[in-house]
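Heads up, run_24.cif below (mmCIF, C-alpha atoms and all ligand atoms):
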```cif
data_input
loop_
_atom_site.label_atom_id
_atom_site.label_comp_id
_atom_site.auth_asym_id
_atom_site.auth_seq_id
_atom_site.Cartn_x
_atom_site.Cartn_y
_atom_site.Cartn_z
CA MET A 1 11.55 112.51 89.32
CA PHE A 2 11.53 109.23 87.42
CA ILE A 3 14.05 106.80 88.89
CA LEU A 4 15.40 103.79 87.01
CA SER A 5 17.49 101.32 89.01
CA SER A 6 18.68 97.80 88.32
CA PRO A 7 21.55 95.47 89.02
CA SER A 8 24.49 96.53 86.88
CA GLY A 9 24.11 95.25 83.32
CA ALA A 10 20.33 94.73 83.38
CA GLY A 11 19.86 97.56 80.88
CA LYS A 12 18.92 100.78 82.65
CA THR A 13 21.36 102.96 80.70
CA THR A 14 20.04 101.56 77.41
CA ILE A 15 16.42 102.22 78.41
CA ALA A 16 17.30 105.65 79.80
CA ARG A 17 19.03 106.70 76.57
CA ARG A 18 16.02 105.65 74.52
CA ILE A 19 13.61 107.58 76.73
CA LEU A 20 15.78 110.69 76.54
CA ALA A 21 16.03 110.41 72.75
CA GLN A 22 12.26 110.15 72.29
CA ASP A 23 10.77 112.32 75.01
CA ASP A 24 11.45 116.05 74.96
CA GLU A 25 9.87 116.69 78.33
CA ILE A 26 12.31 114.66 80.39
CA ARG A 27 15.97 115.44 81.07
CA LEU A 28 18.66 113.27 82.57
CA SER A 29 19.86 114.17 86.03
CA VAL A 30 23.58 114.01 85.30
CA SER A 31 25.48 112.68 88.31
CA TYR A 32 29.01 113.31 89.48
CA THR A 33 31.19 110.24 89.78
CA THR A 34 34.75 109.32 90.70
CA ARG A 35 34.57 106.22 88.44
CA PRO A 36 36.86 106.31 85.37
CA ILE A 37 35.17 107.33 82.11
CA ARG A 38 34.14 104.46 79.79
CA LEU A 39 34.63 104.34 76.06
CA GLY A 40 31.67 106.09 74.44
CA GLU A 41 30.77 108.15 77.49
CA VAL A 42 30.71 111.93 77.23
CA GLU A 43 31.69 114.30 80.05
CA GLY A 44 28.69 116.34 81.14
CA LYS A 45 26.26 114.15 79.21
CA ASP A 46 26.57 110.75 80.89
CA TYR A 47 28.35 111.89 84.05
CA TYR A 48 30.51 114.67 85.37
CA PHE A 49 33.77 112.85 86.05
CA CYS A 50 35.84 114.15 88.95
CA ASP A 51 38.44 112.99 91.46
CA LYS A 52 37.73 112.01 95.05
CA ALA A 53 38.97 115.33 96.49
CA GLU A 54 36.59 117.36 94.31
CA PHE A 55 33.72 115.03 95.14
CA GLU A 56 34.40 115.36 98.86
CA ARG A 57 34.52 119.15 98.58
CA LYS A 58 31.09 119.04 96.98
CA VAL A 59 29.76 116.83 99.77
CA GLU A 60 31.09 119.31 102.34
CA ALA A 61 29.54 122.23 100.46
CA GLY A 62 26.14 120.49 100.44
CA ASP A 63 26.04 120.41 96.63
CA PHE A 64 24.42 116.95 96.43
CA LEU A 65 20.78 116.04 96.89
CA GLU A 66 21.99 112.50 97.61
CA TRP A 67 25.20 110.60 97.18
CA ALA A 68 26.44 107.05 97.73
CA GLU A 69 29.38 104.71 97.28
CA VAL A 70 28.82 102.03 94.63
CA PHE A 71 31.47 99.51 93.50
CA GLY A 72 34.13 101.47 95.38
CA HIS A 73 33.39 104.75 93.59
CA LEU A 74 31.40 107.78 94.69
CA TYR A 75 28.26 108.90 92.86
CA GLY A 76 26.14 111.96 93.61
CA THR A 77 23.17 113.91 92.29
CA PRO A 78 23.94 117.64 92.01
CA LYS A 79 21.27 119.90 93.48
CA ALA A 80 21.38 123.31 91.84
CA GLU A 81 20.31 122.73 88.23
CA LEU A 82 17.83 120.06 89.23
CA LYS A 83 15.90 122.22 91.67
CA ALA A 84 15.55 125.01 89.10
CA GLY A 85 14.49 122.55 86.38
CA LEU A 86 11.88 120.87 88.59
CA LYS A 87 10.50 124.26 89.57
CA SER A 88 10.01 125.21 85.95
CA GLY A 89 8.03 121.99 85.37
CA HIS A 90 10.56 119.63 83.77
CA ASP A 91 10.63 115.91 84.47
CA TYR A 92 13.96 114.32 85.39
CA LEU A 93 15.21 110.81 84.76
CA PHE A 94 17.55 109.35 87.39
CA ASP A 95 19.86 106.39 86.78
CA ILE A 96 20.78 105.86 90.43
CA ASP A 97 21.06 102.94 92.82
CA TRP A 98 18.78 101.87 95.68
CA GLN A 99 20.64 104.00 98.23
CA GLY A 100 20.05 107.17 96.22
CA THR A 101 16.46 106.11 95.55
CA GLN A 102 15.78 105.80 99.28
CA GLN A 103 17.28 109.22 99.96
CA LEU A 104 15.23 110.94 97.23
CA TYR A 105 12.07 109.15 98.32
CA GLN A 106 12.55 110.22 101.94
CA ARG A 107 12.97 113.84 100.87
CA MET A 108 10.47 114.19 98.04
CA GLU A 109 8.11 111.23 98.22
CA VAL A 110 5.21 112.68 96.24
CA ASP A 111 7.41 113.76 93.33
CA VAL A 112 9.20 110.43 92.96
CA VAL A 113 8.36 107.39 90.78
CA ARG A 114 10.60 104.37 91.34
CA VAL A 115 11.13 101.73 88.62
CA PHE A 116 13.35 98.67 89.05
CA LEU A 117 14.56 96.63 86.07
CA LEU A 118 15.41 92.95 86.42
CA PRO A 119 17.34 90.76 83.98
CA PRO A 120 15.49 87.69 82.62
CA SER A 121 18.14 85.44 84.26
CA ILE A 122 21.51 85.60 86.03
CA GLY A 123 23.17 83.98 82.99
CA GLU A 124 21.82 86.70 80.71
CA LEU A 125 22.99 89.40 83.15
CA GLN A 126 26.51 88.00 82.97
CA ARG A 127 26.35 87.85 79.15
CA ARG A 128 25.22 91.49 78.97
CA LEU A 129 27.95 92.72 81.30
CA ALA A 130 30.60 90.82 79.35
CA SER A 131 29.24 91.79 75.92
CA ARG A 132 29.06 95.49 76.83
CA GLY A 133 32.84 95.34 76.58
CA THR A 134 33.43 98.38 78.79
CA ASP A 135 34.76 96.68 81.90
CA SER A 136 37.66 94.35 82.64
CA ALA A 137 36.98 90.74 83.67
CA ASP A 138 37.68 91.72 87.31
CA VAL A 139 35.16 94.55 87.20
CA VAL A 140 32.54 92.30 85.57
CA ALA A 141 33.15 89.71 88.31
CA ALA A 142 32.73 92.36 91.02
CA ARG A 143 29.48 93.58 89.45
CA MET A 144 28.17 89.99 89.23
CA ALA A 145 29.11 89.42 92.88
CA ARG A 146 26.98 92.43 93.84
CA ALA A 147 24.03 91.47 91.61
CA ARG A 148 22.19 89.39 94.22
CA SER A 149 22.39 92.04 96.89
CA GLU A 150 21.22 94.70 94.40
CA ILE A 151 18.29 92.50 93.31
CA SER A 152 17.30 92.15 96.98
CA HIS A 153 16.18 95.81 96.93
CA TRP A 154 13.48 95.13 94.36
CA ASP A 155 10.72 95.63 96.93
CA GLY A 156 11.70 99.26 97.54
CA TYR A 157 10.27 100.26 94.15
CA ASP A 158 6.82 101.18 92.84
CA TYR A 159 7.24 99.22 89.59
CA VAL A 160 9.31 96.20 88.56
CA VAL A 161 9.92 95.45 84.87
CA ILE A 162 11.81 92.42 83.53
CA ASN A 163 14.08 93.52 80.69
CA ASP A 164 13.90 90.49 78.40
CA ASP A 165 13.02 91.92 75.00
CA ILE A 166 14.35 95.49 74.83
CA ASP A 167 11.42 96.92 72.81
CA ALA A 168 8.83 95.38 75.13
CA CYS A 169 10.71 96.69 78.16
CA PHE A 170 10.92 100.17 76.67
CA ASP A 171 7.16 100.17 75.97
CA LYS A 172 6.42 99.13 79.56
CA VAL A 173 8.69 101.76 81.08
CA THR A 174 7.33 104.57 78.87
CA GLY A 175 3.80 103.37 79.71
CA ILE A 176 4.60 103.90 83.39
CA LEU A 177 6.04 107.37 82.67
CA HIS A 178 2.98 108.44 80.67
CA SER A 179 0.53 107.12 83.27
CA GLU A 180 2.34 108.76 86.16
CA ARG A 181 2.22 112.10 84.33
CA MET A 182 -1.57 111.81 84.17
CA ARG A 183 -1.96 111.63 87.94
CA ARG A 184 -4.35 114.36 88.93
CA ALA A 185 -2.00 115.90 91.48
CA ARG A 186 0.79 116.14 88.87
CA GLN A 187 -1.23 117.98 86.22
CA THR A 188 -0.42 121.61 86.78
CA GLY A 189 -3.16 124.04 85.76
CA LEU A 190 -5.85 121.36 85.94
CA VAL A 191 -7.85 123.09 88.66
CA ASP A 192 -8.17 126.29 86.62
CA PHE A 193 -8.98 124.31 83.48
CA VAL A 194 -11.79 122.39 85.15
CA ARG A 195 -13.11 125.55 86.79
CA GLU A 196 -13.31 127.16 83.37
CA LEU A 197 -15.16 124.12 81.97
CA MET A 198 -17.70 124.36 84.77
CA ARG A 199 -18.36 128.09 84.47
N1 LIG A 201 23.09 106.91 94.60
C1 LIG A 201 23.52 107.18 93.37
N2 LIG A 201 23.78 106.16 92.53
C2 LIG A 201 24.20 106.47 91.28
C3 LIG A 201 24.35 107.81 90.83
N3 LIG A 201 24.77 107.78 89.53
C4 LIG A 201 24.86 106.48 89.20
N4 LIG A 201 24.52 105.68 90.22
C5 LIG A 201 24.47 104.20 90.28
O1 LIG A 201 25.77 103.68 90.40
C6 LIG A 201 25.79 102.36 89.86
C7 LIG A 201 26.99 102.19 88.97
O2 LIG A 201 26.82 102.99 87.80
P1 LIG A 201 27.81 102.85 86.58
O3 LIG A 201 29.22 102.87 87.09
O4 LIG A 201 27.44 103.87 85.55
O5 LIG A 201 27.57 101.39 86.04
P2 LIG A 201 26.24 100.63 85.54
O6 LIG A 201 25.76 99.85 86.71
O7 LIG A 201 26.76 99.79 84.46
O8 LIG A 201 25.24 101.66 85.09
C8 LIG A 201 24.45 102.17 89.14
O9 LIG A 201 23.62 101.41 90.00
C9 LIG A 201 23.94 103.59 88.99
O10 LIG A 201 22.52 103.61 88.94
C10 LIG A 201 24.06 108.87 91.76
O11 LIG A 201 24.16 110.06 91.48
N5 LIG A 201 23.67 108.47 93.01
N1 LIG A 202 16.84 93.64 76.51
C1 LIG A 202 18.12 93.49 76.18
N2 LIG A 202 18.49 92.43 75.44
C2 LIG A 202 19.80 92.24 75.10
N3 LIG A 202 20.81 93.06 75.46
C3 LIG A 202 20.50 94.14 76.22
C4 LIG A 202 19.15 94.41 76.61
N4 LIG A 202 19.15 95.53 77.35
C5 LIG A 202 20.44 95.95 77.42
N5 LIG A 202 21.25 95.11 76.73
C6 LIG A 202 22.73 95.20 76.58
O1 LIG A 202 23.28 94.80 77.84
C7 LIG A 202 24.44 95.58 78.17
C8 LIG A 202 24.23 96.26 79.53
O2 LIG A 202 23.21 97.26 79.37
P1 LIG A 202 23.32 98.69 80.09
O3 LIG A 202 22.17 99.49 79.57
O4 LIG A 202 24.69 99.24 79.95
O5 LIG A 202 23.04 98.24 81.61
P2 LIG A 202 23.13 99.03 83.00
O6 LIG A 202 23.06 100.49 82.69
O7 LIG A 202 21.94 98.55 83.77
O8 LIG A 202 24.42 98.61 83.63
C9 LIG A 202 24.63 96.56 77.00
O9 LIG A 202 25.61 96.03 76.13
C10 LIG A 202 23.26 96.61 76.32
O10 LIG A 202 23.36 96.90 74.96
#
```

Mind converting the file's structure to structure tokens?
Ligand SMILES: Nc1nc2c(ncn2[C@@H]2O[C@H](COP(=O)(O)OP(=O)(O)O)[C@@H](O)[C@H]2O)c(=O)[nH]1
Ligand SMILES: Nc1ncnc2c1ncn2[C@@H]1O[C@H](COP(=O)(O)OP(=O)(O)O)[C@@H](O)[C@H]1O
Amino acid sequence: MFILSSPSGAGKTTIARRILAQDDEIRLSVSYTTRPIRLGEVEGKDYYFCDKAEFERKVEAGDFLEWAEVFGHLYGTPKAELKAGLKSGHDYLFDIDWQGTQQLYQRMEVDVVRVFLLPPSIGELQRRLASRGTDSADVVAARMARARSEISHWDGYDYVVINDDIDACFDKVTGILHSERMRRARQTGLVDFVRELMR
């Protein structure tokens, strides 16, 4: 479970999309959200968009592994597909906030890798949010107002990467992913392989 978090606009969706396009072994954990769909987003690919009543029914039914309120909207990680996918050996990429990260870490510590992206400066963060062109001026202002409190959670992560140059950031994040896959405990079948070598 490879978690990417950042203050809004620092670039986690951009990095996540690149990883998913280039790495066949990792899938996106597609969240449910009550936030309105943005131009360019695809239902079922970026998010499952639903209303508050449906989201609350899912909470009641225990369908989420974790959920949280962010910017006045509800976001949650659905359980069913994820559990089956993890069991069959797939890696999952999570674009979730610090609240969700804490919940997943508390439940599944050894299977979780936490990466936090930072913008090179507050000015650049503002430029990126405005240039993305998906949010109104009010929404951009609200996201900027939350940026400092989101950044304050940087120390709850295993890795911190500054997203200045996008290619350099992508290389660093994929380097983390590849290294974490090589951890002895994560290499399934290694014990039998080594046993065979030593026979
Ligand atoms: N806890 C939690 N946070 C989520 C989930 N899905 C998305 N988020 C976070 O909600 C925040 C807002 O996401 P979004 O509206 O897509 O805007 P973004 O900040 O521009 O990516 C981001 O910090 C996401 O990482 C989820 O399932 N659970
Ligand atoms: N390293 C970078 N340099 C310049 N622009 C970037 C960089 N990374 C992301 N962006 C741009 O900044 C905006 C916000 O990025 P996005 O991935 O949507 O952020 P987040 O998912 O963290 O809210 C997008 O328009 C994206 O193209």

A:Ser131, A:Ser152, A:Gln106, A:Ser31 ranked by distance to ligand LIG 202 (chain A), top pick (using only C-alpha atoms and all ligand atoms) | A:Ser131

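Using all atoms listed in the file, the shortest contact distance between ligand LIG 201 (chain A) and any of A:Phe2, A:Tyr159, A:Tyr105, A:Trp67 is found at A:Trp67.
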
Can you list, as a list in words, every protein, DNA or RNA residue that comes within 7 Å of stretch 50-63 of chain A when you count all atoms listed in the file, leaving out same-chain residues fewer than 4 positions away?
-> Tyr32, Thr33, Thr34, Pro78 and Lys79 of chain A

Could you list, as a PyMOL selection string, all the residues within 8 Å of ligand LIG 202 (chain A), counting all atoms listed in the file?
-> chain A and resi 5-16+95+117+125+127-133+163-167+169

Please produce a file of the residues just selected, as a short mmCIF file (atom, residue, chain, number, x, y, z; two decimals), in the frame of the given file, where the atoms kept are C-alpha atoms.
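Result file out.cif:
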```
data_model
loop_
_atom_site.label_atom_id
_atom_site.label_comp_id
_atom_site.auth_asym_id
_atom_site.auth_seq_id
_atom_site.Cartn_x
_atom_site.Cartn_y
_atom_site.Cartn_z
CA SER A 5 17.49 101.32 89.01
CA SER A 6 18.68 97.80 88.32
CA PRO A 7 21.55 95.47 89.02
CA SER A 8 24.49 96.53 86.88
CA GLY A 9 24.11 95.25 83.32
CA ALA A 10 20.33 94.73 83.38
CA GLY A 11 19.86 97.56 80.88
CA LYS A 12 18.92 100.78 82.65
CA THR A 13 21.36 102.96 80.70
CA THR A 14 20.04 101.56 77.41
CA ILE A 15 16.42 102.22 78.41
CA ALA A 16 17.30 105.65 79.80
CA ASP A 95 19.86 106.39 86.78
CA LEU A 117 14.56 96.63 86.07
CA LEU A 125 22.99 89.40 83.15
CA ARG A 127 26.35 87.85 79.15
CA ARG A 128 25.22 91.49 78.97
CA LEU A 129 27.95 92.72 81.30
CA ALA A 130 30.60 90.82 79.35
CA SER A 131 29.24 91.79 75.92
CA ARG A 132 29.06 95.49 76.83
CA GLY A 133 32.84 95.34 76.58
CA ASN A 163 14.08 93.52 80.69
CA ASP A 164 13.90 90.49 78.40
CA ASP A 165 13.02 91.92 75.00
CA ILE A 166 14.35 95.49 74.83
CA ASP A 167 11.42 96.92 72.81
CA CYS A 169 10.71 96.69 78.16
#
```

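Of note, atom CA of A:Ile151 and atom CA of A:Gly40 are spaced 26.8 Å apart.
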
Proximity to ligand LIG 201 (chain A) - best of A:Thr77, A:Ser179, A:Gln126, A:Gln187, only C-alpha atoms and all ligand atoms |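 For ligand LIG 201 (chain A), the nearest of the candidates is A:Thr77.
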
Which one of A:Val30, A:Val191, A:Val70, A:Met1 sits closest to A:Gln99 if you count all atoms listed in the file?
->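 Among A:Val30, A:Val191, A:Val70, A:Met1, it is A:Val70 that comes nearest to A:Gln99.
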
Closest to A:Asp155 among A:Gln102, A:Ala137, A:Leu82, A:Arg107, using all atoms listed in the file?
-> A:Gln102

Counting only C-alpha atoms, figure out which residue out of A:Leu4, A:Leu74, A:Ile122, A:Gly85 gets nearest to A:Thr101.
->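 Using only C-alpha atoms, the shortest distance to A:Thr101 belongs to A:Leu4.
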
Centre and size of axis-aligned box enclosing ligand LIG 201 (chain A) plus 6 Å each side, as lines of an AutoDock Vina configuration file:
```
center_x = 25.9
center_y = 104.9
center_z = 89.5
size_x = 18.7
size_y = 22.3
size_z = 22.1
```

Around the point (37.0, 99.3, 83.7), in the coordinates given by the file, pick out the residues reaching within 8 Å, counting all atoms listed in the file, and return them as a count of residues only.
-> 6

Can you tell me how far atom CA of A:Gly189 sits from atom CA of A:Arg114, in Å to one decimal?
-> 24.6 Å

Atom-to-atom span, atom O11 of ligand LIG 201 (chain A) and atom CA of A:Ile96, Å |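 That distance, rounded to one decimal, is 5.5 Å.
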